[in-house]
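Presented below is the structure to which this report refers.
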Amino acid sequence: VQLQASGGGLVQAGGSLRLSCAASRIILSGSTMTWYRQAPGKQREFVASINIESSTNYHDSVKGRFTISRVNARNTVYLQMNSLRPEDTAVYYCNANGITSGDIWGQGTQVTVSS
């Protein structure tokens, strides 16, 4: 497995979770890392990304609540999710995209936010 996502779970509205995406050093150092999510009956959507220069982008719906970061020493990308809402409920996927790695998807991790 080239990308290993973890950290999902069940949380009440207003709570927090931190997702992790572990990757090999070669993949992480040369790729833009992105989190996507897919809710039941909906298309997969962009959540947040971080490039090799640590420049970040966020979907408008998560700005100010989610933070994406990369810790190269741990070969891991994190998605800190605060002030969670029921509409954040989805399967979250980690993606790596780079010249060397190509386009790689990790398995999903379920996030469920109860009201």
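For the structure tokens, the naming scheme is as follows: chains receive sequential letters (A, B, ...) according to their order of presentation, residues are indexed from 1 within each chain, and ligands are indexed from 1 in presentation order.
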Within 12 Å of stretch 1-19 of chain A, which residues of stretch 54-96 of chain A come that close, and what is the closest atom pair and distance in Å for each? Count only C-alpha atoms and give it as JSON lines.
```
{"residue": "A:Arg65", "atom": "CA", "partner": "A:Ser16", "partner_atom": "CA", "distance": 9.5}
{"residue": "A:Phe66", "atom": "CA", "partner": "A:Arg18", "partner_atom": "CA", "distance": 9.3}
{"residue": "A:Thr67", "atom": "CA", "partner": "A:Arg18", "partner_atom": "CA", "distance": 9.4}
{"residue": "A:Ile68", "atom": "CA", "partner": "A:Leu19", "partner_atom": "CA", "distance": 9.4}
{"residue": "A:Ser69", "atom": "CA", "partner": "A:Leu19", "partner_atom": "CA", "distance": 10.5}
{"residue": "A:Arg70", "atom": "CA", "partner": "A:Leu19", "partner_atom": "CA", "distance": 11.6}
{"residue": "A:Asn75", "atom": "CA", "partner": "A:Leu3", "partner_atom": "CA", "distance": 10.2}
{"residue": "A:Thr76", "atom": "CA", "partner": "A:Gln4", "partner_atom": "CA", "distance": 9.2}
{"residue": "A:Val77", "atom": "CA", "partner": "A:Leu19", "partner_atom": "CA", "distance": 8.3}
{"residue": "A:Tyr78", "atom": "CA", "partner": "A:Leu19", "partner_atom": "CA", "distance": 5.6}
{"residue": "A:Leu79", "atom": "CA", "partner": "A:Leu19", "partner_atom": "CA", "distance": 5.0}
{"residue": "A:Gln80", "atom": "CA", "partner": "A:Arg18", "partner_atom": "CA", "distance": 4.4}
{"residue": "A:Met81", "atom": "CA", "partner": "A:Leu17", "partner_atom": "CA", "distance": 5.2}
{"residue": "A:Asn82", "atom": "CA", "partner": "A:Ser16", "partner_atom": "CA", "distance": 4.4}
{"residue": "A:Ser83", "atom": "CA", "partner": "A:Gly14", "partner_atom": "CA", "distance": 4.2}
{"residue": "A:Leu84", "atom": "CA", "partner": "A:Gly14", "partner_atom": "CA", "distance": 4.9}
{"residue": "A:Arg85", "atom": "CA", "partner": "A:Ala13", "partner_atom": "CA", "distance": 5.0}
{"residue": "A:Pro86", "atom": "CA", "partner": "A:Ala13", "partner_atom": "CA", "distance": 6.3}
{"residue": "A:Glu87", "atom": "CA", "partner": "A:Ala13", "partner_atom": "CA", "distance": 9.5}
{"residue": "A:Asp88", "atom": "CA", "partner": "A:Ala13", "partner_atom": "CA", "distance": 9.4}
{"residue": "A:Thr89", "atom": "CA", "partner": "A:Leu10", "partner_atom": "CA", "distance": 9.2}
{"residue": "A:Ala90", "atom": "CA", "partner": "A:Gly8", "partner_atom": "CA", "distance": 9.7}
{"residue": "A:Val91", "atom": "CA", "partner": "A:Gly8", "partner_atom": "CA", "distance": 8.5}
{"residue": "A:Tyr92", "atom": "CA", "partner": "A:Gly8", "partner_atom": "CA", "distance": 8.1}
{"residue": "A:Tyr93", "atom": "CA", "partner": "A:Ala5", "partner_atom": "CA", "distance": 7.2}
{"residue": "A:Cys94", "atom": "CA", "partner": "A:Ala5", "partner_atom": "CA", "distance": 6.4}
{"residue": "A:Asn95", "atom": "CA", "partner": "A:Leu3", "partner_atom": "CA", "distance": 7.8}
{"residue": "A:Ala96", "atom": "CA", "partner": "A:Leu3", "partner_atom": "CA", "distance": 8.0}
```
Kindly export the residues of the current selection with N, CA, C and O atoms, as a compact mmCIF listing (two decimals), in the first residue's frame.
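Output saved as out_0.txt:
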```txt
# COMPACT_ATOMS: atom_id res chain seq x y z
N ARG A 65 -11.78 25.85 9.36
CA ARG A 65 -12.07 24.73 10.24
C ARG A 65 -11.07 23.58 10.07
O ARG A 65 -10.75 22.90 11.04
N PHE A 66 -10.62 23.38 8.84
CA PHE A 66 -9.68 22.28 8.55
C PHE A 66 -8.30 22.85 8.27
O PHE A 66 -8.17 23.94 7.69
N THR A 67 -7.28 22.10 8.63
CA THR A 67 -5.90 22.47 8.35
C THR A 67 -5.16 21.27 7.81
O THR A 67 -5.12 20.22 8.47
N ILE A 68 -4.55 21.43 6.64
CA ILE A 68 -3.73 20.37 6.07
C ILE A 68 -2.26 20.71 6.32
O ILE A 68 -1.86 21.88 6.25
N SER A 69 -1.48 19.69 6.64
CA SER A 69 -0.06 19.92 6.90
C SER A 69 0.71 18.68 6.49
O SER A 69 0.14 17.59 6.35
N ARG A 70 2.01 18.86 6.28
CA ARG A 70 2.85 17.72 5.94
C ARG A 70 4.07 17.72 6.85
O ARG A 70 4.66 18.78 7.08
N ASN A 75 6.97 11.29 7.10
CA ASN A 75 6.39 10.83 5.84
C ASN A 75 4.87 10.79 5.91
O ASN A 75 4.22 9.83 5.46
N THR A 76 4.30 11.83 6.47
CA THR A 76 2.86 11.84 6.73
C THR A 76 2.26 13.21 6.42
O THR A 76 2.90 14.24 6.67
N VAL A 77 1.05 13.17 5.89
CA VAL A 77 0.24 14.37 5.69
C VAL A 77 -0.95 14.25 6.64
O VAL A 77 -1.54 13.18 6.78
N TYR A 78 -1.28 15.36 7.28
CA TYR A 78 -2.38 15.39 8.24
C TYR A 78 -3.50 16.29 7.75
O TYR A 78 -3.27 17.27 7.03
N LEU A 79 -4.70 15.97 8.18
CA LEU A 79 -5.84 16.85 8.00
C LEU A 79 -6.49 17.02 9.36
O LEU A 79 -7.16 16.11 9.85
N GLN A 80 -6.24 18.16 9.98
CA GLN A 80 -6.86 18.47 11.27
C GLN A 80 -8.23 19.06 10.99
O GLN A 80 -8.34 20.07 10.30
N MET A 81 -9.25 18.43 11.54
CA MET A 81 -10.63 18.86 11.28
C MET A 81 -11.26 19.28 12.59
O MET A 81 -11.43 18.46 13.50
N ASN A 82 -11.57 20.56 12.69
CA ASN A 82 -12.21 21.12 13.88
C ASN A 82 -13.62 21.60 13.54
O ASN A 82 -13.97 21.76 12.38
N SER A 83 -14.39 21.83 14.59
CA SER A 83 -15.77 22.33 14.41
C SER A 83 -16.53 21.50 13.38
O SER A 83 -17.17 22.04 12.47
N LEU A 84 -16.44 20.21 13.51
CA LEU A 84 -17.06 19.32 12.53
C LEU A 84 -18.58 19.46 12.52
O LEU A 84 -19.21 19.71 13.56
N ARG A 85 -19.12 19.29 11.33
CA ARG A 85 -20.57 19.41 11.10
C ARG A 85 -21.09 18.10 10.52
O ARG A 85 -20.34 17.36 9.89
N PRO A 86 -22.37 17.84 10.68
CA PRO A 86 -22.93 16.62 10.09
C PRO A 86 -22.67 16.51 8.60
O PRO A 86 -22.47 15.41 8.07
N GLU A 87 -22.65 17.64 7.91
CA GLU A 87 -22.40 17.63 6.46
C GLU A 87 -20.96 17.28 6.10
O GLU A 87 -20.65 17.12 4.93
N ASP A 88 -20.10 17.18 7.08
CA ASP A 88 -18.72 16.72 6.83
C ASP A 88 -18.65 15.19 6.78
O ASP A 88 -17.60 14.62 6.47
N THR A 89 -19.74 14.54 7.10
CA THR A 89 -19.77 13.08 7.07
C THR A 89 -19.49 12.56 5.66
O THR A 89 -20.16 12.96 4.71
N ALA A 90 -18.50 11.72 5.54
CA ALA A 90 -18.09 11.19 4.24
C ALA A 90 -16.96 10.19 4.44
O ALA A 90 -16.39 10.08 5.53
N VAL A 91 -16.63 9.51 3.36
CA VAL A 91 -15.38 8.75 3.32
C VAL A 91 -14.31 9.70 2.79
O VAL A 91 -14.50 10.33 1.74
N TYR A 92 -13.23 9.82 3.51
CA TYR A 92 -12.14 10.72 3.15
C TYR A 92 -11.00 9.92 2.52
O TYR A 92 -10.59 8.89 3.06
N TYR A 93 -10.51 10.44 1.38
CA TYR A 93 -9.47 9.77 0.63
C TYR A 93 -8.23 10.66 0.52
O TYR A 93 -8.34 11.88 0.31
N CYS A 94 -7.08 10.03 0.59
CA CYS A 94 -5.81 10.72 0.41
C CYS A 94 -5.32 10.46 -1.02
O CYS A 94 -5.44 9.33 -1.52
N ASN A 95 -4.77 11.49 -1.64
CA ASN A 95 -4.26 11.37 -3.02
C ASN A 95 -2.88 12.00 -3.11
O ASN A 95 -2.62 13.05 -2.50
N ALA A 96 -2.02 11.35 -3.87
CA ALA A 96 -0.70 11.91 -4.17
C ALA A 96 -0.60 12.08 -5.67
O ALA A 96 -0.94 11.17 -6.43
```
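The shell of residues at most 12 Å from A:Phe46, with only C-alpha atoms counted and near chain neighbours (fewer than 4 positions) removed, consists of Met33, Thr34, Trp35, Tyr36, Arg37, Gln38, Ala39, Ile50, Asn57, Tyr58, His59, Asp60, Ser61, Val62, Ala90, Tyr92, Tyr93, Cys94 and Asn95 of chain A.
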Inset, instruction - Could you give me, as a ChimeraX atom specification, each residue of stretch 3-71 of chain A that DSSP assigns to strand (DSSP E or B) when run on this structure's backbone? - result: /A:3-6,9-12,17-23,31-38,45-50,56-58,66-71
Could you please write out, as a PDB file with all heavy atoms, in the first residue's frame, every residue of stretch 61-90 of chain A that DSSP assigns to helix (DSSP H, G or I)?
```pdb
ATOM      1  N   SER A  61     -16.004  25.374   1.959  1.00  0.00           N
ATOM      2  CA  SER A  61     -16.819  24.884   3.071  1.00  0.00           C
ATOM      3  C   SER A  61     -15.997  24.465   4.294  1.00  0.00           C
ATOM      4  O   SER A  61     -16.552  24.302   5.379  1.00  0.00           O
ATOM      5  CB  SER A  61     -17.664  23.693   2.617  1.00  0.00           C
ATOM      6  OG  SER A  61     -16.840  22.583   2.308  1.00  0.00           O
ATOM      7  N   VAL A  62     -14.683  24.306   4.122  1.00  0.00           N
ATOM      8  CA  VAL A  62     -13.854  23.870   5.252  1.00  0.00           C
ATOM      9  C   VAL A  62     -12.848  24.930   5.683  1.00  0.00           C
ATOM     10  O   VAL A  62     -12.126  24.731   6.667  1.00  0.00           O
ATOM     11  CB  VAL A  62     -13.113  22.545   4.938  1.00  0.00           C
ATOM     12  CG1 VAL A  62     -14.093  21.483   4.469  1.00  0.00           C
ATOM     13  CG2 VAL A  62     -12.004  22.744   3.916  1.00  0.00           C
ATOM     14  N   ASN A  72       7.431  15.974   6.770  1.00  0.00           N
ATOM     15  CA  ASN A  72       8.277  15.115   5.941  1.00  0.00           C
ATOM     16  C   ASN A  72       9.080  14.115   6.771  1.00  0.00           C
ATOM     17  O   ASN A  72       9.326  12.993   6.332  1.00  0.00           O
ATOM     18  CB  ASN A  72       9.215  15.971   5.089  1.00  0.00           C
ATOM     19  CG  ASN A  72       8.460  16.751   4.029  1.00  0.00           C
ATOM     20  OD1 ASN A  72       7.382  16.359   3.601  1.00  0.00           O
ATOM     21  ND2 ASN A  72       9.027  17.869   3.614  1.00  0.00           N
ATOM     22  N   ALA A  73       9.457  14.520   7.975  1.00  0.00           N
ATOM     23  CA  ALA A  73      10.232  13.622   8.829  1.00  0.00           C
ATOM     24  C   ALA A  73       9.440  12.374   9.207  1.00  0.00           C
ATOM     25  O   ALA A  73      10.017  11.330   9.523  1.00  0.00           O
ATOM     26  CB  ALA A  73      10.693  14.353  10.073  1.00  0.00           C
ATOM     27  N   ARG A  74       8.125  12.496   9.188  1.00  0.00           N
ATOM     28  CA  ARG A  74       7.262  11.352   9.507  1.00  0.00           C
ATOM     29  C   ARG A  74       6.642  10.736   8.259  1.00  0.00           C
ATOM     30  O   ARG A  74       5.836   9.815   8.370  1.00  0.00           O
ATOM     31  CB  ARG A  74       6.153  11.783  10.470  1.00  0.00           C
ATOM     32  CG  ARG A  74       6.647  12.258  11.813  1.00  0.00           C
ATOM     33  CD  ARG A  74       5.493  12.673  12.714  1.00  0.00           C
ATOM     34  NE  ARG A  74       5.962  13.157  14.014  1.00  0.00           N
ATOM     35  CZ  ARG A  74       5.169  13.692  14.930  1.00  0.00           C
ATOM     36  NH1 ARG A  74       3.883  13.801  14.702  1.00  0.00           N
ATOM     37  NH2 ARG A  74       5.674  14.108  16.076  1.00  0.00           N
ATOM     38  N   PRO A  86     -22.365  17.845  10.678  1.00  0.00           N
ATOM     39  CA  PRO A  86     -22.927  16.617  10.094  1.00  0.00           C
ATOM     40  C   PRO A  86     -22.671  16.513   8.597  1.00  0.00           C
ATOM     41  O   PRO A  86     -22.472  15.412   8.073  1.00  0.00           O
ATOM     42  CB  PRO A  86     -24.419  16.740  10.416  1.00  0.00           C
ATOM     43  CG  PRO A  86     -24.462  17.527  11.674  1.00  0.00           C
ATOM     44  CD  PRO A  86     -23.350  18.522  11.548  1.00  0.00           C
ATOM     45  N   GLU A  87     -22.648  17.644   7.915  1.00  0.00           N
ATOM     46  CA  GLU A  87     -22.404  17.628   6.462  1.00  0.00           C
ATOM     47  C   GLU A  87     -20.963  17.285   6.103  1.00  0.00           C
ATOM     48  O   GLU A  87     -20.648  17.116   4.926  1.00  0.00           O
ATOM     49  CB  GLU A  87     -22.805  18.960   5.819  1.00  0.00           C
ATOM     50  CG  GLU A  87     -22.172  20.180   6.442  1.00  0.00           C
ATOM     51  CD  GLU A  87     -23.060  20.853   7.483  1.00  0.00           C
ATOM     52  OE1 GLU A  87     -23.741  20.137   8.259  1.00  0.00           O
ATOM     53  OE2 GLU A  87     -23.056  22.111   7.519  1.00  0.00           O
ATOM     54  N   ASP A  88     -20.096  17.181   7.081  1.00  0.00           N
ATOM     55  CA  ASP A  88     -18.723  16.716   6.833  1.00  0.00           C
ATOM     56  C   ASP A  88     -18.654  15.191   6.780  1.00  0.00           C
ATOM     57  O   ASP A  88     -17.604  14.622   6.467  1.00  0.00           O
ATOM     58  CB  ASP A  88     -17.767  17.215   7.915  1.00  0.00           C
ATOM     59  CG  ASP A  88     -17.615  18.726   7.913  1.00  0.00           C
ATOM     60  OD1 ASP A  88     -17.494  19.304   6.815  1.00  0.00           O
ATOM     61  OD2 ASP A  88     -17.606  19.316   9.003  1.00  0.00           O
TER      62      ASP A  88
END
```
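The two atoms in question, atom CA of A:Lys42 and atom CA of A:Ser54, are spaced 29.2 Å apart.
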Legend entry - Distance criterion (only C-alpha atoms): nearest to A:Ser55 out of A:Val113, A:Val71, A:Gly41, A:Thr32: A:Thr32
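If you measure from each of A:Asn51, A:Lys63, A:Pro40, A:Ser24 to A:Gly98 using only C-alpha atoms, the closest one turns out to be A:Asn51.
Computed from the coordinates, the atom CA of A:Trp105 to atom CA of A:Leu28 distance equals 12.7 Å.
Neighbours of A:Ile27 closer than or equal to 7 Å, with only C-alpha atoms counted and sequence neighbours fewer than 4 positions away skipped, come out as Ala23, Ser31 and Ser101 of chain A.
Using only C-alpha atoms, the shortest contact distance between A:Gly64 and any of A:Ala48, A:Ile26, A:Ser114, A:Gly102 is found at A:Ala48.
What separates atom CA of A:Arg25 from atom CA of A:Thr56 is a distance of 19.5 Å.
Proximity ranking of A:Ser115, A:Thr100, A:Gln43, A:Ser49 relative to A:Ser29 places A:Thr100 first, based on only C-alpha atoms.
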